[in-house]
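Engineer: Dropping a structure here in structure tokens format, bear with me for questions.
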Amino acid sequence: MKYSAFSIFTNALSGHKNWQPAWRNPDPKPAYDIIIVGGGGHGLATAYYLAKEFELKNIAVLEKGWLGSGNIGRNTTIIRSNYMLPGNNPFYELSMKLWEGLEQDFNFNAMVSQRGVLNLYHTDPQRDAFARRGNAMRIDGVDAELLDRDAVREMYPHFDYDNARFPIRGGLLQRRGGTVRHDAVAWGYARGSDMRGVDIIQNCEVKSIRTEQGRVVGVETSRGFIVCKKLGLAAAGHSSEVAAMAGIKLPIESHVLQAFVSEGLKPFIDGVVTFGAGHFYVSQSDKGGLVFGGDLDGYNSYARRGNLPMVEHVVEAGVAMIPALSRIRLLRSWGGVMDMSMDGSPIIDKTSVQGIYLNAGWCYGGFKATPASGFCFAHLIAKDEPQHTATAYRLDRFRRGYMLDEKGQGATPNLH
Amino acid sequence: MLIPCPHCGIRPVEEFTFLGDAKPQRPQSNDPATMDQWFDYVYLRDNPRGLFDEYVHHSGGCRSWMVVTRNTETHEIKACVPARDYKKKQS
């Protein structure tokens, strides 16, 4: 169904009782040309661009749970393209451009709000590092402004500028960054792919992958065997498990990341702000809740829940940045499983098995990448060659020594 | 998460630092021909959902290294032994 002002008007006349489901709920067919494993943001975006941009047919998305039940529904909704390395930033800027046109493209309100992303700095070396990153961004045609203390104070007068340990000296601002309604991204892509004939099959867990002579032939699922010519893996935190079904061992560990939302408040924080030294970032949702998070808990986990010490740590950092936070109440917290790669950057590549393509290793930065990840993965699957902004995301870069390590931490997934 | 340190008894998780997977074994040779072993040791992980052996440092306690066997799906801890004992058993 096409959404328009007219459809809202006519449905209003019938008491909004005749809206149709936004996508079908089909049974799996015995065979598809392309199967995507994982009905989250990246999987659905891949299916959408395969059908729309590359005009391919006979595609299915297999989802173990319900659509969008993983990290697309668990993230803190931030979009930005403030990376530094040449292999990264053009890709994230492609993503930002796709976000900017996304709602018109799939005719669905994803509440893309470019309210600005501000990274605070506390020391001279940190300012130098931010100036360098801002310059690298501008070289790639991305907007970046280095703000001094007064400029930040004008935007956010209620922060603690004279904190004894982490005084705020200024910040790096990307005005085009912001937030997006995360669930609506999954729904918009699902609806857009469904309209173009993609079968989105929920409650269909892939149990094993069948290969013959180094080539994929199909997948054994909880709803029977399905033949496929090409198989795209977009299983996020469970990538290692799915890849192991095809005998592929990945440079990935799964870790838990927690996020939090407070009770609803009146307008309090306009954009997205990160506390440079204290592992804390925050924005305010349109409902008024402060959405915030920090670092990984630090141990391998598939539990989708973390422990209290990290809750305390994040809240302490938050109160150090904004003392007024001490008076608000936490509404809820949750956790997600992050596919932490060994250099902190993602993988979009072919694999050693012919016909199997891998999209993984998004660490905790997968949400902002959703459109470009889908677009580039679709490009790879459709044309068998990488999209030009995603050529650095090769699986063999670890073996060859071409790491894409923004943070410079080395092969320590819990520190990226 | 509470970790039963063999020296200090049951202690809260915030006293510990996690290094990660204890299973990969450092190759013995520096010969470039052992490149694949090194690649495997440095970068590739089984990343199991279930029981997992990991190096943990009791950085806020006795400062000794140990290996914790923990279920990555439930966070249930099965065992915690000194790293030396684990290594002996491994080799």
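Chain labels follow the order of the structure tokens: the first chain is A, the next B, and so on; residue numbering restarts at 1 in every chain, and ligands are counted from 1 in their shown order.
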Per DSSP on the backbone, filter chain B down to the residues in strand (DSSP E) and report them as a ChimeraX atom specification.
Structural biologist: /B:2-5,9-12,17-21,51-57,65-71,77-82
Engineer: Could you take the residues named above and write them with C-alpha atoms, as a PDB file, in the first residue's frame?
Structural biologist:
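Printed below is out29.pdb as written:
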ATOM      1  CA  LEU B   2      30.495 -12.973  41.199  1.00  0.00           C
ATOM      2  CA  ILE B   3      33.821 -14.669  40.526  1.00  0.00           C
ATOM      3  CA  PRO B   4      35.222 -17.281  42.955  1.00  0.00           C
ATOM      4  CA  CYS B   5      38.896 -16.286  43.093  1.00  0.00           C
ATOM      5  CA  GLY B   9      37.075 -16.165  47.648  1.00  0.00           C
ATOM      6  CA  ILE B  10      33.919 -14.870  45.988  1.00  0.00           C
ATOM      7  CA  ARG B  11      34.494 -11.331  44.698  1.00  0.00           C
ATOM      8  CA  PRO B  12      32.390  -8.933  42.546  1.00  0.00           C
ATOM      9  CA  THR B  17      39.858  -7.305  34.168  1.00  0.00           C
ATOM     10  CA  PHE B  18      39.031  -9.553  31.232  1.00  0.00           C
ATOM     11  CA  LEU B  19      41.705 -10.384  28.682  1.00  0.00           C
ATOM     12  CA  GLY B  20      39.607 -12.832  26.674  1.00  0.00           C
ATOM     13  CA  ASP B  21      39.765 -16.275  25.120  1.00  0.00           C
ATOM     14  CA  LEU B  51      30.931 -22.538  27.961  1.00  0.00           C
ATOM     15  CA  PHE B  52      33.977 -20.356  27.425  1.00  0.00           C
ATOM     16  CA  ASP B  53      37.455 -20.318  29.025  1.00  0.00           C
ATOM     17  CA  GLU B  54      38.873 -16.835  29.467  1.00  0.00           C
ATOM     18  CA  TYR B  55      41.902 -15.175  31.010  1.00  0.00           C
ATOM     19  CA  VAL B  56      40.917 -12.893  33.872  1.00  0.00           C
ATOM     20  CA  HIS B  57      43.166 -10.705  36.003  1.00  0.00           C
ATOM     21  CA  TRP B  65      45.916 -14.290  36.599  1.00  0.00           C
ATOM     22  CA  MET B  66      43.290 -16.994  36.396  1.00  0.00           C
ATOM     23  CA  VAL B  67      41.130 -18.774  33.886  1.00  0.00           C
ATOM     24  CA  VAL B  68      37.384 -18.548  34.388  1.00  0.00           C
ATOM     25  CA  THR B  69      35.033 -21.025  32.727  1.00  0.00           C
ATOM     26  CA  ARG B  70      31.823 -19.131  32.133  1.00  0.00           C
ATOM     27  CA  ASN B  71      28.650 -19.642  30.118  1.00  0.00           C
ATOM     28  CA  ILE B  77      30.475 -19.348  36.237  1.00  0.00           C
ATOM     29  CA  LYS B  78      31.504 -23.015  36.323  1.00  0.00           C
ATOM     30  CA  ALA B  79      35.104 -22.778  37.473  1.00  0.00           C
ATOM     31  CA  CYS B  80      37.953 -20.422  38.263  1.00  0.00           C
ATOM     32  CA  VAL B  81      41.475 -21.814  38.407  1.00  0.00           C
ATOM     33  CA  PRO B  82      44.947 -20.206  38.529  1.00  0.00           C
TER      34      PRO B  82
END
Engineer: Taking only C-alpha atoms into account, which residues of chain B are within 8 Å of chain A, as a list in words?
Structural biologist: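 Contact residues on the first chain: Met1, Val13, Glu14, Phe18, Gly20, Phe39, Val42, Tyr43, Leu44, Arg45, Asp46, Asn47, Pro48, Arg49, Thr72, Glu73, Thr74 and His75 of chain B.
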Engineer: If you run DSSP on the backbone here, which positions in chain B get alpha helix (DSSP H)? Please write them as a list of chain:residue names.
Structural biologist: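 DSSP-assigned alpha helix (DSSP H) residues in chain B: B:Met35, B:Asp36, B:Gln37, B:Trp38, B:Phe39, B:Asp40, B:Tyr41, B:Val42, B:Tyr43, B:Ala83, B:Arg84, B:Asp85, B:Tyr86, B:Lys87, B:Lys88, B:Lys89, B:Gln90.
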Engineer: Write a file of the just-selected residues containing C-alpha atoms, as a tab-separated table (two decimals), in the first residue's frame.
Structural biologist:
chain	number	residue	atom	x	y	z
B	35	MET	CA	52.20	-17.31	9.44
B	36	ASP	CA	48.90	-19.20	9.39
B	37	GLN	CA	49.34	-20.31	13.00
B	38	TRP	CA	50.10	-16.74	14.05
B	39	PHE	CA	47.10	-15.40	12.14
B	40	ASP	CA	44.90	-17.94	13.86
B	41	TYR	CA	46.36	-17.12	17.29
B	42	VAL	CA	46.09	-13.34	16.98
B	43	TYR	CA	42.85	-12.90	15.07
B	83	ALA	CA	46.15	-19.56	34.96
B	84	ARG	CA	49.27	-21.61	35.65
B	85	ASP	CA	47.20	-24.72	36.42
B	86	TYR	CA	45.05	-24.20	33.33
B	87	LYS	CA	48.12	-23.84	31.13
B	88	LYS	CA	49.66	-27.02	32.56
B	89	LYS	CA	46.47	-28.91	31.81
B	90	GLN	CA	46.29	-27.39	28.30
Engineer: Could you tell me how far atom CA of A:Asn359 lies from atom CA of A:Ala234, in Å and to one decimal?
Structural biologist: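 About the pair atom CA of A:Asn359 and atom CA of A:Ala234: they are 5.0 Å apart.
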Engineer: Separation of atom CA of A:Ala110 and atom CA of A:Met96, in Å?
Structural biologist: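 Atom-to-atom, atom CA of A:Ala110 and atom CA of A:Met96 are spaced 13.8 Å apart.
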Engineer: Could you check how far atom CA of A:Ala236 sits from atom CA of A:Trp99, in Å to one decimal?
Structural biologist: 20.5 Å
